[in-house]
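So this block is entry.txt, compact mmCIF, C-alpha atoms:
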# COMPACT_ATOMS: atom_id res chain seq x y z
CA MET E 1 109.64 118.97 134.72
CA ILE E 2 107.70 117.41 131.84
CA PHE E 3 104.36 118.72 133.21
CA SER E 4 105.57 122.23 134.04
CA THR E 5 105.06 125.19 131.72
CA LEU E 6 108.73 125.17 130.70
CA GLY E 7 108.65 121.40 130.21
CA ARG E 8 105.61 121.61 127.95
CA TYR E 9 107.26 124.41 126.00
CA PHE E 10 110.45 122.37 125.43
CA PHE E 11 108.40 119.31 124.54
CA MET E 12 106.34 121.21 121.96
CA ARG E 13 109.51 122.69 120.44
CA TYR E 14 110.83 119.15 120.06
CA VAL E 15 107.57 117.88 118.52
CA ILE E 16 107.33 120.78 116.05
CA THR E 17 110.96 120.41 114.98
CA THR E 18 110.48 116.66 114.58
CA PHE E 19 107.42 117.24 112.41
CA TRP E 20 109.33 119.57 110.06
CA PHE E 21 112.27 117.20 109.87
CA PHE E 22 109.97 114.29 109.00
CA LEU E 23 108.22 116.41 106.38
CA GLY E 24 111.55 117.38 104.82
CA VAL E 25 112.93 113.83 104.84
CA ILE E 26 109.68 112.46 103.38
CA SER E 27 109.84 114.98 100.54
CA ILE E 28 113.48 114.21 99.73
CA VAL E 29 113.05 110.44 100.00
CA TYR E 30 109.91 110.51 97.86
CA LEU E 31 111.60 112.46 95.06
CA VAL E 32 114.78 110.37 95.14
CA ASP E 33 112.96 107.03 95.27
CA PHE E 34 110.53 108.05 92.53
CA SER E 35 113.43 109.04 90.29
CA GLU E 36 115.19 105.74 91.02
CA THR E 37 111.98 103.76 90.40
CA ALA E 38 111.29 105.59 87.13
CA GLY E 39 114.83 104.96 85.91
CA ARG E 40 114.59 101.26 86.75
CA LEU E 41 111.07 100.51 85.49
CA ALA E 42 110.28 103.17 82.87
CA GLY E 43 111.05 100.75 80.02
CA LEU E 44 108.46 98.17 81.12
CA PRO E 45 105.20 98.01 79.14
CA GLY E 46 102.81 98.52 82.05
CA TYR E 47 104.71 101.33 83.74
CA THR E 48 103.10 104.77 84.01
CA VAL E 49 103.85 107.84 86.08
CA SER E 50 100.86 107.11 88.34
CA VAL E 51 102.11 103.57 88.95
CA GLY E 52 105.55 104.93 89.84
CA LEU E 53 104.05 107.48 92.22
CA LEU E 54 101.95 104.79 93.90
CA MET E 55 104.88 102.37 94.25
CA THR E 56 107.01 105.09 95.80
CA ALA E 57 104.19 106.03 98.19
CA VAL E 58 103.71 102.50 99.52
CA ARG E 59 107.47 101.96 99.85
CA LEU E 60 108.05 105.32 101.55
CA PRO E 61 107.29 104.17 105.15
CA PHE E 62 109.82 101.32 104.85
CA ILE E 63 112.57 103.72 103.74
CA LEU E 64 111.53 106.34 106.28
CA GLN E 65 111.80 103.78 109.06
CA GLN E 66 115.54 103.44 108.35
CA THR E 67 116.09 107.19 108.76
CA VAL E 68 114.33 107.63 112.13
CA PRO E 69 117.53 107.30 114.28
CA PHE E 70 119.25 110.01 112.24
CA ILE E 71 116.16 112.22 112.43
CA ALA E 72 116.24 111.89 116.23
CA LEU E 73 119.93 112.85 116.27
CA PHE E 74 119.51 115.95 114.08
CA VAL E 75 116.29 117.04 115.79
CA GLY E 76 118.01 116.90 119.17
CA MET E 77 120.98 118.91 117.92
CA THR E 78 118.79 121.47 116.11
CA VAL E 79 116.46 122.10 119.06
CA LEU E 80 119.21 122.36 121.68
CA ILE E 81 121.43 124.61 119.54
CA ALA E 82 118.45 126.88 118.78
CA LEU E 83 117.54 127.14 122.47
CA ASN E 84 121.17 127.88 123.30
CA ARG E 85 121.43 130.58 120.65
CA ARG E 86 118.31 132.24 122.06
CA ARG E 87 119.76 131.91 125.61
CA GLU E 88 116.72 130.00 126.83
CA LEU E 89 118.87 127.21 128.24
CA VAL E 90 121.10 129.82 129.90
CA ILE E 91 118.04 131.29 131.62
CA ALA E 92 116.89 127.81 132.66
CA ARG E 93 120.29 127.10 134.21
CA ALA E 94 120.24 130.49 135.99
CA ALA E 95 116.84 129.57 137.44
CA GLY E 96 118.43 126.53 139.07
CA ILE E 97 117.14 123.93 136.61
CA SER E 98 119.71 121.20 136.05
CA VAL E 99 120.56 119.71 132.69
CA TRP E 100 118.82 116.47 133.67
CA GLN E 101 115.60 118.37 134.34
CA PHE E 102 115.42 120.39 131.12
CA MET E 103 116.58 117.37 129.08
CA THR E 104 113.59 115.34 130.31
CA PRO E 105 111.11 116.75 127.72
CA PHE E 106 113.53 116.01 124.88
CA VAL E 107 114.20 112.49 126.13
CA MET E 108 110.46 111.85 126.51
CA GLY E 109 109.87 113.26 123.01
CA ALA E 110 112.48 110.91 121.52
CA PHE E 111 110.97 107.97 123.43
CA PHE E 112 107.50 108.89 122.14
CA VAL E 113 108.78 109.03 118.54
CA GLY E 114 110.33 105.59 119.08
CA LEU E 115 107.00 104.21 120.27
CA LEU E 116 105.23 105.64 117.22
CA THR E 117 107.88 104.09 114.98
CA MET E 118 107.42 100.71 116.64
CA PHE E 119 103.62 100.61 116.87
CA ALA E 120 102.50 102.72 113.90
CA LEU E 121 105.22 103.22 111.29
CA ASN E 122 106.57 99.66 111.29
CA PRO E 123 103.26 97.87 110.51
CA VAL E 124 102.60 100.31 107.66
CA ALA E 125 106.18 99.89 106.41
CA ALA E 126 105.92 96.08 106.45
CA TRP E 127 102.63 96.17 104.53
CA GLY E 128 103.93 98.75 102.07
CA GLN E 129 107.11 96.81 101.33
CA ARG E 130 105.07 93.68 100.52
CA GLN E 131 102.79 95.67 98.24
CA ALA E 132 105.71 97.35 96.46
CA GLU E 133 107.39 93.99 95.81
CA THR E 134 104.16 92.56 94.43
CA MET E 135 103.55 95.57 92.18
CA GLU E 136 107.07 95.44 90.79
CA ALA E 137 106.77 91.69 90.28
CA ASP E 138 103.55 92.19 88.29
CA LEU E 139 105.20 94.85 86.13
CA ARG E 140 108.25 92.80 85.33
CA GLY E 141 106.50 89.45 84.99
CA ASP E 142 109.84 87.90 86.01
CA PRO E 143 110.78 89.12 89.47
CA SER E 144 113.97 87.09 89.71
CA TYR E 145 115.74 90.18 90.99
CA HIS E 146 114.31 89.47 94.43
CA ASN E 147 116.23 87.42 96.99
CA LYS E 148 119.22 86.74 94.76
CA LEU E 149 121.34 86.16 97.82
CA SER E 150 118.89 83.78 99.49
CA ILE E 151 117.22 81.58 96.88
CA PRO E 152 114.58 79.55 98.74
CA TRP E 153 114.80 75.76 98.77
CA LEU E 154 112.25 73.44 100.33
CA ARG E 155 111.93 69.69 100.65
CA GLN E 156 108.69 67.78 101.02
CA SER E 157 108.25 64.05 101.47
CA ASP E 158 105.16 61.94 102.02
CA GLY E 159 106.82 58.52 102.06
CA LYS E 160 106.16 57.82 98.37
CA ASP E 161 107.32 60.98 96.62
CA ASP E 162 110.33 63.06 97.60
CA VAL E 163 110.35 66.56 96.08
CA ILE E 164 112.93 69.33 96.16
CA ILE E 165 111.48 72.80 95.48
CA GLY E 166 113.53 75.80 94.43
CA ALA E 167 112.60 79.28 93.23
CA LYS E 168 114.13 82.59 92.22
CA ALA E 169 111.66 84.78 94.09
CA ILE E 170 109.08 84.62 96.85
CA LEU E 171 105.91 86.66 97.35
CA ASP E 172 102.99 86.74 99.78
CA ASN E 173 105.12 85.78 102.81
CA GLY E 174 106.45 82.71 101.02
CA THR E 175 103.20 81.10 99.84
CA THR E 176 103.79 82.18 96.23
CA LEU E 177 106.99 81.14 94.43
CA VAL E 178 108.11 82.60 91.10
CA ASN E 179 110.31 80.89 88.49
CA VAL E 180 110.04 77.66 90.44
CA VAL E 181 111.37 74.15 89.85
CA PHE E 182 110.01 70.91 91.33
CA ILE E 183 112.39 67.93 91.20
CA HIS E 184 110.76 64.57 92.00
CA PHE E 185 112.73 61.56 93.28
CA ASP E 186 111.67 57.93 93.63
CA SER E 187 112.36 55.73 96.66
CA GLN E 188 115.81 54.84 95.30
CA GLY E 189 116.81 58.51 94.97
CA ASN E 190 116.56 58.67 91.17
CA ILE E 191 115.10 61.73 89.42
CA VAL E 192 111.81 60.76 87.81
CA LEU E 193 110.32 64.16 86.96
CA ARG E 194 111.30 67.81 86.74
CA GLN E 195 108.67 70.53 86.59
CA ASP E 196 109.60 74.11 85.71
CA ALA E 197 106.81 76.64 86.28
CA GLN E 198 106.38 80.37 86.04
CA SER E 199 104.76 80.41 89.48
CA ALA E 200 103.52 78.10 92.22
CA LYS E 201 100.81 78.97 94.74
CA LEU E 202 100.48 76.95 97.93
CA GLU E 203 96.86 75.92 98.43
CA ASP E 204 95.29 73.59 100.97
CA GLY E 205 97.02 70.24 100.36
CA TYR E 206 98.61 71.01 97.00
CA TRP E 207 100.81 73.37 94.98
CA LEU E 208 99.07 75.03 92.02
CA LEU E 209 101.64 75.43 89.22
CA ASN E 210 101.15 77.82 86.31
CA GLY E 211 103.02 77.78 82.98
CA VAL E 212 104.51 74.33 83.51
CA VAL E 213 107.11 72.41 81.50
CA GLU E 214 107.44 68.75 82.58
CA ARG E 215 110.55 66.73 81.75
CA ARG E 216 110.92 63.00 82.31
CA PRO E 217 114.08 61.00 81.59
CA GLY E 218 114.09 59.89 77.93
CA GLU E 219 110.83 61.70 77.04
CA ILE E 220 109.93 64.88 75.14
CA PRO E 221 109.14 67.90 77.40
CA ASP E 222 105.42 68.35 78.01
CA HIS E 223 103.93 71.86 78.26
CA LYS E 224 100.91 72.41 80.51
CA GLY E 225 98.97 75.51 81.47
CA THR E 226 98.36 74.47 85.06
CA THR E 227 98.90 71.40 87.18
CA LYS E 228 98.74 70.37 90.81
CA VAL E 229 101.42 68.78 92.98
CA ARG E 230 100.27 67.11 96.19
CA THR E 231 101.96 68.40 99.35
CA ASN E 232 101.87 67.90 103.08
CA LEU E 233 103.42 71.31 103.75
CA LYS E 234 101.26 73.76 105.67
CA GLN E 235 100.96 77.41 104.76
CA ASP E 236 102.13 78.47 108.22
CA PHE E 237 105.27 76.38 107.85
CA VAL E 238 106.14 77.76 104.41
CA SER E 239 105.38 81.33 105.52
CA GLU E 240 107.70 81.01 108.50
CA ARG E 241 110.37 79.26 106.45
CA LEU E 242 110.49 81.81 103.63
CA ALA E 243 109.06 85.11 104.92
CA GLN E 244 111.44 88.06 105.33
CA PRO E 245 111.41 89.50 108.91
CA GLU E 246 111.32 93.08 107.54
CA THR E 247 107.94 92.41 105.90
CA ILE E 248 106.33 91.23 109.16
CA ALA E 249 104.63 93.82 111.37
CA PHE E 250 105.70 94.26 114.99
CA TYR E 251 102.31 93.10 116.26
CA ASP E 252 102.68 89.76 114.47
CA LEU E 253 106.33 89.01 115.20
CA SER E 254 105.87 87.27 118.56
CA ASN E 255 103.17 85.03 117.07
CA ARG E 256 105.39 84.22 114.08
CA ILE E 257 108.27 83.35 116.42
CA ALA E 258 106.05 80.93 118.35
CA ILE E 259 104.82 79.29 115.13
CA ALA E 260 108.35 78.98 113.77
CA LYS E 261 109.54 77.34 116.99
CA SER E 262 106.67 74.85 116.82
CA PHE E 263 107.89 73.80 113.35
CA GLY E 264 111.50 73.59 114.48
CA ILE E 265 112.53 76.51 112.23
CA SER E 266 115.34 78.85 113.29
CA THR E 267 113.91 82.05 114.77
CA LYS E 268 117.15 84.04 115.06
CA ALA E 269 116.23 86.53 112.32
CA LEU E 270 112.68 87.01 113.65
CA GLU E 271 113.88 87.45 117.24
CA THR E 272 116.53 89.93 116.14
CA GLN E 273 113.92 91.97 114.26
CA PHE E 274 111.57 91.85 117.28
CA HIS E 275 114.22 93.05 119.75
CA SER E 276 115.47 95.64 117.26
CA LEU E 277 112.01 97.21 117.11
CA LEU E 278 111.56 96.85 120.87
CA SER E 279 114.81 98.73 121.50
CA GLN E 280 113.97 101.51 119.01
CA PRO E 281 112.66 104.01 121.63
CA PHE E 282 115.82 103.58 123.72
CA LEU E 283 118.00 103.95 120.62
CA LEU E 284 116.36 107.32 119.90
CA VAL E 285 116.93 108.36 123.52
CA ALA E 286 120.61 107.43 123.09
CA MET E 287 120.75 109.54 119.92
CA THR E 288 119.23 112.47 121.84
CA LEU E 289 121.81 112.15 124.63
CA ILE E 290 124.59 112.09 122.04
CA ALA E 291 123.10 115.23 120.49
CA ALA E 292 123.06 116.88 123.92
CA THR E 293 126.75 116.18 124.52
CA VAL E 294 127.67 118.43 121.56
CA SER E 295 124.89 121.01 121.77
CA LEU E 296 124.55 122.14 125.40
CA LYS E 297 127.71 124.21 125.67
CA PHE E 298 126.73 127.87 125.30
CA SER E 299 128.26 129.77 122.39
CA ARG E 300 127.40 133.39 121.72
CA PHE E 301 127.69 133.13 117.97
CA ASN E 302 128.12 129.58 116.59
CA GLN E 303 128.63 126.13 118.01
CA SER E 304 132.02 124.62 117.27
CA ARG E 305 131.80 122.92 113.90
CA SER E 306 134.26 120.25 114.98
CA VAL E 307 132.13 119.42 118.04
CA ILE E 308 128.96 119.18 115.95
CA LEU E 309 130.76 117.01 113.40
CA GLY E 310 131.90 114.77 116.24
CA GLY E 311 128.30 114.34 117.38
CA ILE E 312 127.17 113.46 113.86
CA LEU E 313 129.99 110.94 113.49
CA SER E 314 129.17 109.43 116.89
CA GLY E 315 125.54 108.94 115.91
CA PHE E 316 126.56 107.48 112.55
CA VAL E 317 128.97 105.03 114.23
CA LEU E 318 126.25 103.98 116.67
CA TYR E 319 123.82 103.33 113.81
CA VAL E 320 126.40 101.34 111.82
CA VAL E 321 127.27 99.25 114.89
CA THR E 322 123.60 98.46 115.58
CA VAL E 323 123.04 97.38 111.95
CA LEU E 324 126.23 95.29 111.93
CA VAL E 325 125.47 93.56 115.22
CA LYS E 326 121.88 93.01 114.08
CA ALA E 327 123.26 91.06 111.11
CA PHE E 328 125.29 88.95 113.54
CA GLY E 329 122.14 88.29 115.57
CA SER E 330 120.11 87.29 112.50
CA SER E 331 122.79 84.80 111.45
CA GLY E 332 123.01 83.27 114.93
CA VAL E 333 126.60 84.37 115.62
CA VAL E 334 125.40 86.49 118.55
CA PRO E 335 122.21 85.89 120.61
CA PRO E 336 119.46 88.21 119.27
CA PHE E 337 118.84 89.85 122.64
CA VAL E 338 122.53 90.67 123.08
CA ALA E 339 122.92 91.82 119.46
CA THR E 340 120.16 94.41 119.69
CA TRP E 341 120.30 95.64 123.29
CA ILE E 342 124.02 95.84 124.11
CA PRO E 343 124.84 98.64 121.59
CA VAL E 344 121.84 100.66 122.80
CA ILE E 345 122.75 100.23 126.48
CA VAL E 346 126.38 101.14 125.80
CA ALA E 347 125.30 104.25 123.86
CA LEU E 348 122.94 105.32 126.68
CA ALA E 349 125.73 104.89 129.22
CA PHE E 350 128.19 106.72 126.95
CA GLY E 351 125.90 109.73 126.51
CA ALA E 352 124.97 109.90 130.19
CA THR E 353 128.64 109.65 131.24
CA ILE E 354 129.72 112.51 128.99
CA LEU E 355 126.86 114.70 130.23
CA LEU E 356 127.79 113.92 133.84
CA HIS E 357 131.38 114.89 133.12
CA GLN E 358 130.41 118.10 131.32
CA GLU E 359 127.73 119.28 133.75
CA ASP E 360 128.65 117.83 137.13
CA GLY E 361 132.45 117.52 136.79

Can you give me the file's structure in the form of structure tokens?
Amino acid sequence: MIFSTLGRYFFMRYVITTFWFFLGVISIVYLVDFSETAGRLAGLPGYTVSVGLLMTAVRLPFILQQTVPFIALFVGMTVLIALNRRRELVIARAAGISVWQFMTPFVMGAFFVGLLTMFALNPVAAWGQRQAETMEADLRGDPSYHNKLSIPWLRQSDGKDDVIIGAKAILDNGTTLVNVVFIHFDSQGNIVLRQDAQSAKLEDGYWLLNGVVERRPGEIPDHKGTTKVRTNLKQDFVSERLAQPETIAFYDLSNRIAIAKSFGISTKALETQFHSLLSQPFLLVAMTLIAATVSLKFSRFNQSRSVILGGILSGFVLYVVTVLVKAFGSSGVVPPFVATWIPVIVALAFGATILLHQEDG
């Protein structure tokens, strides 16, 4: 069916509708995010309209990535309802083409969009989110608004010096810490030095601290421009320990998981993100099947509003469940594979079952 004239026609209708939906969503998201960015950062000294436009542009793929399942749902409903209203699906049925045959181009189109999201949109979104965070951090000069719910803490020990490291924000996949504190302990567990710095950059064999205030017990605080703190931590280890899975591209996730396992770091969040992206094409297929369950019944004038609303609510519930279970997978409550694939498989089975009941009795 997909290679026939009718199949190519249905496929192109799906692709064109998808393009217009993406264009509309991009326009709306860009305007809304730019307005939100301007309202949040307009009072900062270095902020200009061009900076706001650039920040919104680099963050746009990350936001757009979250809307792809809903775009697939509404594209499927829009295309099928339009074909029904023009009686093209009625003619296809009269020609002996089953619902499973003329749904093939739409399913393949949704699967193709999922592949593009996984292989093209996600890497750009991960890069753009990192750049947007860095740009906002530079504007504020005090990006403590980042990671308020997960303040990073590290411990390094070389046998002589035991150091606890904490920070309010992380950048550059964890190799740059902002508003950082280094607490040094001696062999008896007593605090011998505290260093507060504006930032700390992990170099080869040492931390480079900038804007440092050193405090020793019973001594006056000492201010230094820069100083170095010896470390045996490797950049790969710190990156895996502190990096956010959403800022890692799909191509690099499997390598990051292997590195994290070699360091003994929990990989639940990384594995959940990997399987979530891997299941994206099948999630969009499930959304398309759900759209078909409420759009294939022929109506001379208008589709039932209650039926369409039911399809929208079903897609919304599916999306909420996938996000909720993904959180369970990231925290280790549910195995990552189960957390990401079970909702998608259930949704595929649900959509296929309803179509079988509607079309084949």

### Message
Calculated over all atoms listed in the file, which of the candidates E:Ala120, E:Leu318, E:Ile290, E:Leu270 has the smallest distance to E:Ser331?
### Response
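For E:Ser331, the nearest of the given residues is E:Leu270.
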
#### Entry: Nearest residue to E:Gly52 from the set E:Thr231, E:Ser199, E:Ser266, E:Thr37 (distances using all atoms listed in the file)
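Going through E:Thr231, E:Ser199, E:Ser266, E:Thr37 one by one, the smallest distance to E:Gly52 is for E:Thr37.
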
#### Entry: Interatomic distance (Å, one decimal) between atom CA of E:Phe119 and atom CA of E:Met287
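Calculated distance between atom CA of E:Phe119 and atom CA of E:Met287 is 19.6 Å.
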
#### Entry: Atom pair atom CA of E:Pro245 / atom CA of E:Leu23: separation (Å)
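Taking atom CA of E:Pro245 as the start and atom CA of E:Leu23 as the end point, the length is 27.2 Å.
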
### Task
Pick out the closest residue to E:Ile16 from this set: E:Asn84, E:Thr67, E:Thr78, E:Gln273. Count all atoms listed in the file.
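Smallest distance to E:Ile16 is found for E:Thr78.
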